[in-house]
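For reference, the structure is listed below as structure tokens.
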Amino acid sequence: MAWFEDIEIGRVIELGSHTFTSDDIIRFAEKYDPQPFHTDPEAAKDSHFGGLVAAGWHIAAVWMKLMIGARETAPKDESKPAPDGRQAPQGGPSPGFFDLKWVKPVRAEDTISYRTTTIEKVDLKSRPYQGIIRSLNEGFNQDGELVFSFIGQGLIERCEPYAVPSEG
Amino acid sequence: MIYWEDVPVGHSFTTAERTISKEEVIEFASEYDPQPFHLDEEAAKDSILGGLCASGWHSCAIAMRLVYDSFHVKAATQGSPGIKECRWRRPLYAGETVKVTVNCINARPSESRPTMGLTNWTWEMTNQAGETIMTTESWLMMGRRPANAATPEAN
């Protein structure tokens with residue numbers, strides 16, 4: 001992957017798509033969120049959703065799956081080692097996310113296409129060898145409607161340590 | 001059944017505890033988040049996280065199930081419009097025992113759906129040492145009490 005310094009704000013990556021089958025929706029929900037509108041197609045008809053819908057955390061987990069998949073299928077990494085010999089980043093952990101919205105239900109057999117857009121880079125005085133990349137992540141259904149979005153964050157290594165600008 | 005009216009601001013509860021197995025961490029990560037620190041004990045030791053730990057999204061799903069078992073299973077829950085913020089504060093290592101403490105911090109009726117209300121919650125997942133693993137703030141849609149519904153169970 002690219003070093004923190006080389007990631008451009010505005011970069012868009014299409015992550016691919018996933019079809020949420022009934023079986024897929026029910027299998028996830030029985031483990032983690034067995035509310036009837038996620039596990040029982042008949043009971044779901046009587047809910048305000050009017051039918052089976054995917055658990056929100058399932059929609060988010062599939063974003064992660066496709067994000068990792070996109071990293072693995074990306075063109076071979078051209079990033080050079082750092083001057084001190086460290087290899088280019090493999091992707092780091094996340095401190096969390098903001099503004100996650102389940103905008104519309106994801107129904108059985110819906111195909112959701114995900115994309116990620118870099119929106120902000122944050123320098124860290126406390127971690128000179130890392131920065132935070134913030135991204136807007138979105139999922140659209142087969143009719144092009146936005147169904148899911150959130151602002152994600154990742155700690156990404158810097159090629160050269162951050163030098164805090166001197167005052168004055 | 002617990003309806004929107006039955007959850008006052010300030011309502012708080014703590015879920016049951018659950019120990020997270022290595023197998024469960026690897027199973028979730030294999031399908032949804034296949035990174036070395038979620039998949040392989042040896043590789044995880046050498047990583048920035050220092051040991052095999054659950055995907056952050058797995059932590060969210062585990063918290064959801066714990067809260068479901070304590071609340072959603074007996075409440076008129078109708079889904080969530082989203083999560084304002086989620087912080088992954090420490091790794092959730094395989095073998096740790098976690099629980100979630102839940103607080104209702106705000107509530108309002110739905111403007112568009114007269115049969116629903118919204119409740120605003122914080123969740124805090126802690127481990128066996130009382131250390132905070134994860135915090136979230138979110139909204140939950142709930143059905144309002146129908147005129148002919150029975151009185152709520154005491155809780």
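Naming works like this for the structure tokens: A, B, ... for the chains as they're shown, residue 1 at the start of each chain, ligands 1 onward in shown order.
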
Sorted per-residue table, chain B near chain A, closest atoms and distance, 9 Å, only C-alpha atoms, as CSV:
```
residue,atom,partner,partner_atom,distance
B:Ala29,CA,A:Lys65,CA,8.8
B:Glu31,CA,A:Lys65,CA,7.0
B:Tyr32,CA,A:Lys65,CA,4.3
B:Asp33,CA,A:Lys65,CA,5.4
B:Pro34,CA,A:Ile68,CA,7.1
B:Gln35,CA,A:Ile68,CA,7.8
B:Ile48,CA,A:Gly92,CA,7.9
B:Leu49,CA,A:Pro93,CA,8.0
B:Gly56,CA,A:Ser94,CA,8.0
B:Trp57,CA,A:Ala61,CA,6.1
B:His58,CA,A:Ala61,CA,7.9
B:Cys60,CA,A:Trp57,CA,7.2
B:Ala61,CA,A:Tyr32,CA,5.5
B:Ile62,CA,A:Tyr32,CA,6.3
B:Ala63,CA,A:Tyr32,CA,8.5
B:Met64,CA,A:Asp33,CA,6.3
B:Arg65,CA,A:Tyr32,CA,4.8
B:Leu66,CA,A:Tyr32,CA,8.4
B:Tyr68,CA,A:Asp33,CA,6.7
B:His72,CA,A:Gln35,CA,7.4
B:Val73,CA,A:Gln35,CA,7.3
B:Thr77,CA,A:Gln35,CA,8.3
B:Gln78,CA,A:His48,CA,7.5
B:Gly79,CA,A:Gly56,CA,8.5
B:Ser80,CA,A:Trp102,CA,7.3
B:Pro81,CA,A:Trp102,CA,5.3
B:Gly82,CA,A:Lys101,CA,4.3
B:Ile83,CA,A:Leu100,CA,4.9
B:Lys84,CA,A:Asp99,CA,4.6
B:Glu85,CA,A:Phe98,CA,4.4
B:Cys86,CA,A:Gly96,CA,5.3
B:Arg87,CA,A:Gly96,CA,4.2
B:Trp88,CA,A:Gly96,CA,5.0
B:Arg89,CA,A:Pro95,CA,6.6
B:Arg90,CA,A:Pro95,CA,8.7
B:Met134,CA,A:Gly96,CA,8.8
```

Helix (DSSP H, G or I) per DSSP on the backbone: members of chain A, as a PyMOL selection string: chain A and resi 4-6+22-32+36-39+41-45+56-73

Would you mind exporting the chosen residues as a CSV table (one decimal), in the first residue's frame, restricted to N, CA and C atoms?
```csv
chain,number,residue,atom,x,y,z
A,4,PHE,N,1.5,7.1,3.9
A,4,PHE,CA,0.6,8.2,4.3
A,4,PHE,C,0.8,9.4,3.4
A,5,GLU,N,2.1,9.8,3.1
A,5,GLU,CA,2.4,11.0,2.4
A,5,GLU,C,1.9,10.9,0.9
A,6,ASP,N,1.8,9.7,0.4
A,6,ASP,CA,1.4,9.5,-1.0
A,6,ASP,C,-0.1,9.4,-1.3
A,22,SER,N,-31.1,-14.3,1.0
A,22,SER,CA,-31.8,-14.6,2.2
A,22,SER,C,-31.0,-15.4,3.2
A,23,ASP,N,-30.3,-16.4,2.6
A,23,ASP,CA,-29.6,-17.3,3.5
A,23,ASP,C,-28.4,-16.6,4.2
A,24,ASP,N,-27.8,-15.7,3.4
A,24,ASP,CA,-26.7,-14.9,3.9
A,24,ASP,C,-27.1,-14.0,5.0
A,25,ILE,N,-28.3,-13.3,4.8
A,25,ILE,CA,-28.8,-12.4,5.8
A,25,ILE,C,-29.2,-13.1,7.1
A,26,ILE,N,-29.9,-14.3,6.9
A,26,ILE,CA,-30.3,-15.0,8.1
A,26,ILE,C,-29.1,-15.6,8.9
A,27,ARG,N,-28.1,-16.1,8.1
A,27,ARG,CA,-27.0,-16.7,8.8
A,27,ARG,C,-26.2,-15.7,9.7
A,28,PHE,N,-26.0,-14.5,9.2
A,28,PHE,CA,-25.3,-13.5,10.0
A,28,PHE,C,-26.2,-13.1,11.2
A,29,ALA,N,-27.5,-12.9,10.9
A,29,ALA,CA,-28.4,-12.4,12.0
A,29,ALA,C,-28.6,-13.4,13.1
A,30,GLU,N,-28.7,-14.6,12.7
A,30,GLU,CA,-28.9,-15.6,13.8
A,30,GLU,C,-27.8,-15.6,14.8
A,31,LYS,N,-26.6,-15.3,14.3
A,31,LYS,CA,-25.4,-15.2,15.3
A,31,LYS,C,-25.4,-13.9,16.0
A,32,TYR,N,-25.6,-12.8,15.3
A,32,TYR,CA,-25.3,-11.5,15.9
A,32,TYR,C,-26.5,-10.5,16.2
A,36,PRO,N,-36.6,-10.3,14.5
A,36,PRO,CA,-37.3,-11.1,13.5
A,36,PRO,C,-37.2,-10.6,12.0
A,37,PHE,N,-37.1,-9.3,11.9
A,37,PHE,CA,-37.0,-8.7,10.5
A,37,PHE,C,-35.7,-9.1,9.8
A,38,HIS,N,-34.7,-9.6,10.6
A,38,HIS,CA,-33.4,-10.1,10.0
A,38,HIS,C,-33.4,-11.6,9.9
A,39,THR,N,-34.3,-12.4,10.5
A,39,THR,CA,-34.2,-13.8,10.6
A,39,THR,C,-35.4,-14.6,10.1
A,41,PRO,N,-38.5,-14.5,7.4
A,41,PRO,CA,-39.1,-13.8,6.2
A,41,PRO,C,-40.6,-13.5,6.4
A,42,GLU,N,-41.3,-14.5,7.1
A,42,GLU,CA,-42.7,-14.3,7.3
A,42,GLU,C,-43.0,-13.2,8.4
A,43,ALA,N,-42.3,-13.2,9.5
A,43,ALA,CA,-42.5,-12.2,10.5
A,43,ALA,C,-42.1,-10.8,10.0
A,44,ALA,N,-41.0,-10.8,9.1
A,44,ALA,CA,-40.5,-9.6,8.6
A,44,ALA,C,-41.6,-8.8,7.8
A,45,LYS,N,-42.5,-9.6,7.1
A,45,LYS,CA,-43.6,-9.0,6.3
A,45,LYS,C,-44.5,-8.1,7.2
A,56,GLY,N,-27.7,-4.3,10.1
A,56,GLY,CA,-26.8,-3.2,9.8
A,56,GLY,C,-25.3,-3.6,10.0
A,57,TRP,N,-25.0,-4.4,11.0
A,57,TRP,CA,-23.6,-4.8,11.1
A,57,TRP,C,-23.1,-5.7,10.0
A,58,HIS,N,-24.1,-6.4,9.4
A,58,HIS,CA,-23.7,-7.3,8.3
A,58,HIS,C,-23.3,-6.4,7.1
A,59,ILE,N,-24.1,-5.3,6.9
A,59,ILE,CA,-23.8,-4.4,5.8
A,59,ILE,C,-22.4,-3.8,5.9
A,60,ALA,N,-22.1,-3.5,7.2
A,60,ALA,CA,-20.8,-2.9,7.5
A,60,ALA,C,-19.7,-3.9,7.3
A,61,ALA,N,-19.9,-5.2,7.8
A,61,ALA,CA,-18.9,-6.2,7.7
A,61,ALA,C,-18.5,-6.5,6.3
A,62,VAL,N,-19.5,-6.5,5.4
A,62,VAL,CA,-19.3,-6.7,4.0
A,62,VAL,C,-18.4,-5.6,3.4
A,63,TRP,N,-18.6,-4.4,3.8
A,63,TRP,CA,-17.8,-3.3,3.4
A,63,TRP,C,-16.3,-3.6,3.7
A,64,MET,N,-16.1,-4.1,4.9
A,64,MET,CA,-14.7,-4.5,5.3
A,64,MET,C,-14.1,-5.6,4.5
A,65,LYS,N,-15.0,-6.6,4.2
A,65,LYS,CA,-14.6,-7.7,3.4
A,65,LYS,C,-14.1,-7.2,2.0
A,66,LEU,N,-14.9,-6.3,1.4
A,66,LEU,CA,-14.6,-5.9,0.1
A,66,LEU,C,-13.4,-4.9,0.1
A,67,MET,N,-13.2,-4.2,1.2
A,67,MET,CA,-12.1,-3.3,1.3
A,67,MET,C,-10.8,-4.1,1.3
A,68,ILE,N,-10.8,-5.2,2.1
A,68,ILE,CA,-9.6,-6.1,2.1
A,68,ILE,C,-9.4,-6.7,0.8
A,69,GLY,N,-10.5,-7.1,0.1
A,69,GLY,CA,-10.4,-7.7,-1.2
A,69,GLY,C,-9.8,-6.8,-2.2
A,70,ALA,N,-10.2,-5.5,-2.1
A,70,ALA,CA,-9.7,-4.5,-3.1
A,70,ALA,C,-8.2,-4.3,-2.9
A,71,ARG,N,-7.7,-4.3,-1.6
A,71,ARG,CA,-6.3,-4.2,-1.4
A,71,ARG,C,-5.5,-5.3,-2.0
A,72,GLU,N,-6.1,-6.5,-1.9
A,72,GLU,CA,-5.3,-7.7,-2.4
A,72,GLU,C,-5.3,-7.7,-4.0
A,73,THR,N,-6.3,-7.1,-4.6
A,73,THR,CA,-6.4,-7.2,-6.1
A,73,THR,C,-5.8,-5.9,-6.7
```

Please list as a list in words every residue within 10 Å of Trp123 in chain B, counting only C-alpha atoms and excluding residues in the same chain fewer than 3 positions away.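 With the cut-off at 10 Å, the set is Ser12, Phe13, Thr14, Ala63, Met64, Val67, Cys86, Lys99, Val100, Thr101, Val102, Asn103, Cys104, Thr126, Met134, Thr135, Thr136, Glu137 and Ser138 of chain B.
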
Please provide as a PyMOL selection string all residues within 6 Å of Asn106 in chain B, with the sequence filter that same-chain residues fewer than 2 positions apart are discarded (counting only C-alpha atoms). chain B and resi 9+104+119-120

Those residues you just picked out, can you put them in a file as a compact mmCIF listing (two decimals), in the first residue's frame with C-alpha atoms?
```txt
# COMPACT_ATOMS: atom_id res chain seq x y z
CA VAL B 9 -33.72 9.09 29.71
CA CYS B 104 -30.25 5.96 27.38
CA THR B 119 -34.01 6.59 21.77
CA ASN B 120 -30.37 7.74 21.92
```

Point-to-point distance in Å for CA of Arg86 in chain A and CA of Cys159 in chain A: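 So the two atoms, CA of Cys159 in chain A and CA of Arg86 in chain A, lie 8.0 Å apart.
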
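Rounded to one decimal, CA of Gly16 in chain A and CA of Ala44 in chain B lie 27.8 Å from each other.
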
Identify which of the residues B:Ala76, B:Lys22, B:Gly130, B:Glu42 lies closest to Ala149 in chain B, counting only C-alpha atoms when measuring atom-to-atom distances.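 Smallest separation from Ala149 in chain B among the options: B:Ala76.
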